[in-house]
file model-v1.cif (mmCIF, C-alpha atoms)
data_work
#
loop_
_atom_site.label_atom_id
_atom_site.label_comp_id
_atom_site.auth_asym_id
_atom_site.auth_seq_id
_atom_site.Cartn_x
_atom_site.Cartn_y
_atom_site.Cartn_z
CA MET W 1 -131.46 -10.32 94.79
CA THR W 2 -133.37 -9.59 91.59
CA ASN W 3 -135.78 -6.85 90.56
CA ARG W 4 -138.53 -9.18 89.32
CA PHE W 5 -141.21 -6.94 90.79
CA ASN W 6 -139.76 -3.55 90.00
CA GLY W 7 -142.65 -1.23 89.14
CA LYS W 8 -145.26 -3.75 90.31
CA VAL W 9 -147.98 -2.99 92.85
CA VAL W 10 -148.57 -5.70 95.43
CA VAL W 11 -151.19 -6.00 98.18
CA VAL W 12 -150.45 -8.28 101.16
CA THR W 13 -153.19 -8.63 103.75
CA GLY W 14 -152.14 -9.68 107.22
CA GLY W 15 -148.70 -8.31 106.51
CA THR W 16 -147.54 -7.38 110.01
CA SER W 17 -146.12 -10.70 111.19
CA GLY W 18 -145.18 -14.21 110.20
CA ILE W 19 -145.68 -15.28 106.60
CA GLY W 20 -147.32 -12.02 105.58
CA LEU W 21 -144.48 -9.89 106.91
CA ALA W 22 -141.80 -12.08 105.35
CA THR W 23 -143.61 -12.02 102.00
CA ALA W 24 -144.19 -8.27 102.02
CA LYS W 25 -140.49 -7.74 102.75
CA ALA W 26 -139.49 -10.12 99.95
CA PHE W 27 -141.68 -8.25 97.45
CA SER W 28 -140.29 -4.91 98.63
CA ASP W 29 -136.71 -6.16 98.37
CA GLU W 30 -137.40 -7.04 94.74
CA GLY W 31 -138.64 -3.56 93.87
CA ALA W 32 -142.40 -3.73 94.36
CA SER W 33 -144.61 -1.03 95.81
CA VAL W 34 -146.25 -2.94 98.65
CA PHE W 35 -149.44 -2.28 100.61
CA ILE W 36 -149.90 -4.23 103.83
CA THR W 37 -152.76 -4.48 106.29
CA GLY W 38 -152.90 -5.14 110.00
CA ARG W 39 -155.44 -4.63 112.75
CA ARG W 40 -153.19 -2.87 115.28
CA GLN W 41 -151.55 0.43 114.41
CA GLU W 42 -148.47 -0.08 116.58
CA THR W 43 -147.73 -3.46 114.98
CA LEU W 44 -148.46 -2.04 111.53
CA ASP W 45 -146.01 0.82 112.05
CA ALA W 46 -143.31 -1.61 113.20
CA ALA W 47 -143.87 -3.81 110.15
CA VAL W 48 -143.55 -0.85 107.78
CA LYS W 49 -140.15 -0.04 109.32
CA THR W 50 -139.04 -3.66 109.04
CA ILE W 51 -140.10 -4.00 105.41
CA GLY W 52 -138.61 -0.75 104.16
CA GLY W 53 -138.64 0.35 100.54
CA LYS W 54 -141.90 1.47 98.94
CA VAL W 55 -144.33 0.15 101.53
CA THR W 56 -147.61 1.58 102.79
CA GLY W 57 -149.44 0.32 105.86
CA VAL W 58 -153.25 0.47 105.99
CA ARG W 59 -154.88 -0.42 109.28
CA GLY W 60 -157.86 -2.69 108.86
CA ASP W 61 -159.61 -5.94 109.67
CA MET W 62 -160.26 -7.91 106.48
CA ALA W 63 -163.43 -9.36 108.00
CA ASN W 64 -164.82 -5.81 107.77
CA LEU W 65 -165.85 -4.84 104.24
CA ALA W 66 -165.49 -1.12 104.95
CA ASP W 67 -161.84 -1.70 105.91
CA ILE W 68 -161.25 -3.55 102.63
CA ASP W 69 -162.70 -0.54 100.80
CA ARG W 70 -160.31 1.73 102.68
CA LEU W 71 -157.39 -0.48 101.64
CA TYR W 72 -158.19 -0.16 97.95
CA ASP W 73 -158.92 3.56 98.31
CA ALA W 74 -155.38 3.92 99.67
CA VAL W 75 -153.99 2.00 96.70
CA GLN W 76 -155.93 4.16 94.23
CA GLN W 77 -154.48 7.31 95.71
CA LYS W 78 -151.05 6.23 94.46
CA HIS W 79 -151.56 3.72 91.65
CA ALA W 80 -153.93 2.95 88.79
CA GLN W 81 -153.60 -0.83 88.90
CA ILE W 82 -152.64 -3.78 91.10
CA ASP W 83 -150.38 -6.56 89.81
CA VAL W 84 -150.49 -9.00 92.74
CA VAL W 85 -152.87 -9.68 95.61
CA PHE W 86 -151.72 -12.01 98.38
CA ALA W 87 -154.88 -12.68 100.42
CA ASN W 88 -153.09 -13.88 103.51
CA ALA W 89 -154.95 -12.43 106.52
CA GLY W 90 -156.36 -15.22 108.65
CA GLY W 91 -156.08 -17.20 111.83
CA GLY W 92 -157.90 -19.40 114.24
CA THR W 93 -158.06 -20.99 117.65
CA MET W 94 -158.58 -24.57 118.74
CA LEU W 95 -161.84 -26.06 120.06
CA PRO W 96 -163.01 -29.67 119.70
CA ILE W 97 -166.45 -30.61 118.45
CA GLY W 98 -168.78 -30.40 121.41
CA ALA W 99 -167.21 -27.15 122.61
CA ILE W 100 -167.51 -25.06 119.43
CA THR W 101 -169.48 -21.86 119.91
CA GLU W 102 -171.22 -19.66 117.36
CA GLU W 103 -168.72 -16.91 118.15
CA HIS W 104 -165.77 -19.25 117.48
CA TYR W 105 -167.28 -20.34 114.16
CA GLN W 106 -168.25 -16.84 113.07
CA SER W 107 -164.94 -15.15 113.88
CA ILE W 108 -162.84 -17.71 112.00
CA PHE W 109 -165.10 -17.93 108.96
CA ASP W 110 -165.44 -14.14 108.80
CA THR W 111 -161.69 -13.65 108.62
CA ASN W 112 -160.58 -16.71 106.68
CA VAL W 113 -163.43 -17.09 104.18
CA LYS W 114 -165.48 -13.89 104.01
CA GLY W 115 -162.32 -11.80 104.28
CA VAL W 116 -160.52 -13.66 101.48
CA LEU W 117 -163.59 -13.56 99.23
CA PHE W 118 -164.11 -9.84 99.49
CA THR W 119 -160.41 -9.00 99.49
CA VAL W 120 -160.23 -10.53 96.02
CA GLN W 121 -163.64 -9.42 94.75
CA LYS W 122 -163.13 -5.80 95.74
CA ALA W 123 -159.69 -5.84 94.09
CA LEU W 124 -161.11 -6.77 90.68
CA PRO W 125 -161.67 -3.22 89.34
CA LEU W 126 -158.02 -2.44 90.08
CA LEU W 127 -156.46 -5.78 89.14
CA LYS W 128 -154.50 -5.66 85.92
CA ASP W 129 -155.45 -8.20 83.26
CA GLY W 130 -152.94 -11.01 83.66
CA ALA W 131 -152.51 -10.27 87.37
CA SER W 132 -151.71 -12.89 89.99
CA VAL W 133 -153.80 -13.70 93.05
CA ILE W 134 -152.39 -15.95 95.75
CA LEU W 135 -154.49 -17.29 98.61
CA THR W 136 -153.12 -18.67 101.87
CA GLY W 137 -154.36 -22.19 102.47
CA SER W 138 -153.03 -24.79 104.89
CA THR W 139 -152.16 -28.45 105.07
CA THR W 140 -155.07 -28.66 107.54
CA GLY W 141 -157.38 -28.24 104.55
CA ILE W 142 -156.65 -31.83 103.48
CA SER W 143 -155.71 -33.53 106.75
CA GLY W 144 -157.31 -33.88 110.16
CA THR W 145 -156.13 -32.04 113.24
CA PRO W 146 -157.70 -32.51 116.70
CA ALA W 147 -159.75 -29.53 117.89
CA PHE W 148 -159.08 -27.61 114.68
CA SER W 149 -162.07 -28.49 112.52
CA VAL W 150 -163.45 -24.97 112.02
CA TYR W 151 -160.11 -23.53 110.93
CA SER W 152 -159.47 -26.54 108.70
CA ALA W 153 -162.87 -26.12 107.03
CA THR W 154 -162.09 -22.50 106.21
CA LYS W 155 -158.85 -23.50 104.51
CA ALA W 156 -160.64 -26.16 102.45
CA ALA W 157 -163.02 -23.41 101.34
CA VAL W 158 -160.14 -21.13 100.37
CA ARG W 159 -158.59 -23.84 98.25
CA ASN W 160 -161.89 -24.28 96.40
CA PHE W 161 -162.17 -20.55 95.78
CA ALA W 162 -159.09 -20.88 93.59
CA ARG W 163 -160.59 -23.76 91.59
CA ASN W 164 -163.67 -21.73 90.77
CA TRP W 165 -162.23 -18.25 90.37
CA ILE W 166 -159.84 -19.31 87.61
CA LEU W 167 -162.97 -20.03 85.57
CA ASP W 168 -164.68 -16.77 86.51
CA LEU W 169 -161.55 -14.78 85.64
CA LYS W 170 -160.28 -16.71 82.62
CA ASP W 171 -161.20 -13.96 80.13
CA ARG W 172 -158.93 -11.57 82.03
CA HIS W 173 -156.10 -14.14 82.27
CA ILE W 174 -155.87 -13.58 86.03
CA ARG W 175 -154.13 -16.50 87.69
CA VAL W 176 -155.36 -17.67 91.11
CA ASN W 177 -153.24 -20.09 93.12
CA THR W 178 -153.16 -21.34 96.71
CA VAL W 179 -150.02 -21.68 98.81
CA SER W 180 -150.55 -24.13 101.67
CA PRO W 181 -147.91 -23.98 104.40
CA GLY W 182 -147.31 -26.73 106.88
CA VAL W 183 -146.07 -26.08 110.40
CA THR W 184 -144.26 -22.75 110.15
CA ASP W 185 -142.31 -21.00 112.91
CA THR W 186 -144.38 -17.87 113.46
CA GLU W 187 -145.56 -15.83 116.42
CA GLY W 188 -149.11 -16.91 115.67
CA LEU W 189 -148.15 -20.58 115.87
CA ASN W 190 -146.37 -20.03 119.18
CA ASP W 191 -149.49 -18.36 120.57
CA LEU W 192 -151.68 -21.20 119.30
CA PHE W 193 -149.46 -23.74 121.07
CA GLY W 194 -149.45 -21.88 124.37
CA GLY W 195 -146.13 -20.02 124.05
CA GLY W 196 -142.74 -20.62 125.64
CA ASP W 197 -141.53 -24.14 126.41
CA GLN W 198 -144.97 -25.60 125.72
CA ALA W 199 -144.99 -24.23 122.18
CA GLN W 200 -141.42 -25.36 121.60
CA GLY W 201 -142.24 -28.86 122.77
CA THR W 202 -145.19 -29.06 120.40
CA LYS W 203 -143.10 -27.77 117.49
CA ASP W 204 -140.36 -30.30 118.26
CA TYR W 205 -142.92 -33.09 118.22
CA LEU W 206 -144.44 -31.90 114.95
CA ALA W 207 -140.98 -31.57 113.41
CA SER W 208 -140.45 -35.26 114.09
CA LEU W 209 -143.46 -36.01 111.85
CA ILE W 210 -142.15 -33.97 108.92
CA PRO W 211 -139.95 -35.82 106.40
CA LEU W 212 -137.46 -32.94 106.34
CA GLY W 213 -137.23 -33.14 110.14
CA ARG W 214 -137.96 -29.50 110.94
CA VAL W 215 -140.66 -26.85 110.85
CA GLY W 216 -140.72 -24.26 108.09
CA GLN W 217 -139.59 -20.65 108.19
CA PRO W 218 -141.75 -17.73 107.01
CA GLU W 219 -139.13 -16.77 104.43
CA GLU W 220 -139.50 -20.18 102.79
CA ILE W 221 -143.22 -19.62 102.29
CA ALA W 222 -142.51 -16.11 101.04
CA ARG W 223 -140.20 -17.37 98.31
CA THR W 224 -142.96 -19.68 97.10
CA VAL W 225 -145.48 -16.84 96.99
CA LEU W 226 -143.07 -14.74 94.93
CA PHE W 227 -142.62 -17.63 92.51
CA LEU W 228 -146.39 -17.95 92.07
CA ALA W 229 -146.68 -14.20 91.52
CA SER W 230 -143.83 -14.07 89.00
CA ASP W 231 -143.59 -14.59 85.26
CA GLU W 232 -141.78 -17.86 86.00
CA ALA W 233 -145.18 -19.25 87.03
CA SER W 234 -147.03 -17.86 84.00
CA PHE W 235 -148.67 -21.24 83.22
CA VAL W 236 -149.38 -22.18 86.84
CA ASN W 237 -153.05 -21.63 87.56
CA GLY W 238 -155.51 -23.02 90.12
CA VAL W 239 -152.96 -25.15 91.93
CA GLU W 240 -152.51 -25.80 95.62
CA LEU W 241 -148.77 -25.67 96.25
CA PHE W 242 -147.81 -27.29 99.55
CA VAL W 243 -144.80 -25.85 101.37
CA ASP W 244 -144.72 -28.28 104.24
CA GLY W 245 -141.49 -30.29 104.21
CA GLY W 246 -143.49 -33.21 102.88
CA GLN W 247 -145.82 -33.60 105.84
CA ALA W 248 -149.09 -33.68 103.88
CA GLN W 249 -147.61 -35.90 101.20
CA ILE W 250 -147.15 -39.07 103.27
#
call {"tool": "encode", "arguments": {"input": "model-v1.cif", "output": "C-alpha cells"}}
result
Amino acid sequence: MTNRFNGKVVVVTGGTSGIGLATAKAFSDEGASVFITGRRQETLDAAVKTIGGKVTGVRGDMANLADIDRLYDAVQQKHAQIDVVFANAGGGTMLPIGAITEEHYQSIFDTNVKGVLFTVQKALPLLKDGASVILTGSTTGISGTPAFSVYSATKAAVRNFARNWILDLKDRHIRVNTVSPGVTDTEGLNDLFGGGDQAQGTKDYLASLIPLGRVGQPEEIARTVLFLASDEASFVNGVELFVDGGQAQI
C-alpha cells in the first residue's frame, strides 16, 4: 500500500456499491479524503463504514442538479480544492427496441449523461488546475448488446464527453479519461441478470466469451481508476481505457 493520494481530495459519485465503493475504498486506503454519493441513506452509511479513513457520505441523486450542488457545498465546508472527480454514478435496465418507453429513456439518460455532465461542470470552480477527471464508460459503448441500446448510447455519449472536454479544459491542464469496464461482478449486474442462479448462469456464459475466461472484479476496475488519477498517468489524456479481460478487443 502506498500513500499516492495523501492530502488529495477525491469525489466518487455512486460510491455505495460495486465499482464506486471499491474505488472509494482504494483512494481512502492510499490517504485521500474521499466524498461519496448514494441515493439511499442506509446504504450510504454502510459504505462509509466499509471505506473507513477520511470519508464523507453525501446523500444525493446525480440526476438532480440541486443534489450535485449539495455535494460540492459539503466539499467546500472542509476543503478549498478537489484533486480528482470520478463521475461513476449510473445504471440502466434492459428493454428491446419496440418496448422502450419515454420513462425508460429519460431515467437512464438523466443519470448517465445529464448526471455526468453536471457532476463535472459543477466541479470546475473547485477543481485544481492539473486535476484528474475520470468518467465511467462501458464496453457496451462500442459493441452491441440485445435490449440494451439506451444504456449503450449513454455510454457512447460519456466517452465523447472526454474527447471534447480535454479541449475545453486544456488551459487548466485538467486531464479527462474514461474507464470502460467489461462484465464486472457487482450487485448491480446480478440485479440486471435477474439475481441468484439465473444471474450466475448468465455470468458464466459471458465469462466463456472473455479471453481471460472470467468476469472482472470491482477492485480491478478501481486499480485502473487510481492509475488514471495518479501522477503515473500524467501524460494520459482523453483515452478510453478498457478493463474487460479482452472482450471488446476481439
call {"tool": "resolve_selection", "arguments": {"input": "model-v1.cif", "expression": "the PyMOL selection byres ((chain W and resi 40-51) around 7)", "output": "VMD selection string"}}
result
chain W and resid 16 21 24 to 25 28 38 to 39 52 to 53 55 to 57 59
call {"tool": "closest_atom_pairs", "arguments": {"input": "model-v1.cif", "of": "stretch 136-190 of chain W", "to": "stretch 101-119 of chain W", "cutoff": "7 Å", "atoms": "all atoms listed in the file", "output": "CSV"}}
result
residue,atom,partner,partner_atom,distance
W:Val150,CA,W:Tyr105,CA,6.4
W:Tyr151,CA,W:Ile108,CA,6.5
W:Thr154,CA,W:Val113,CA,5.9
W:Ala157,CA,W:Val113,CA,6.9
W:Val158,CA,W:Val113,CA,6.5
call {"tool": "residues_around", "arguments": {"input": "model-v1.cif", "residues": "W:Pro146", "least_positions_apart": "6", "cutoff": "12 Å", "atoms": "all atoms listed in the file", "output": "PyMOL selection string"}}
result
chain W and resi 93-97+140+152
call {"tool": "atom_distance", "arguments": {"input": "model-v1.cif", "atom1": "atom CA of W:Leu135", "atom2": "atom CA of W:Val34"}}
result
16.5 Å
call {"tool": "atom_distance", "arguments": {"input": "model-v1.cif", "atom1": "atom CA of W:Gln76", "atom2": "atom CA of W:Lys170"}}
result
24.3 Å
call {"tool": "closest_residue", "arguments": {"input": "model-v1.cif", "among": "W:Thr37, W:Gln249, W:Gln81, W:Thr145", "to": "W:Leu127", "atoms": "only C-alpha atoms"}}
result
W:Gln81
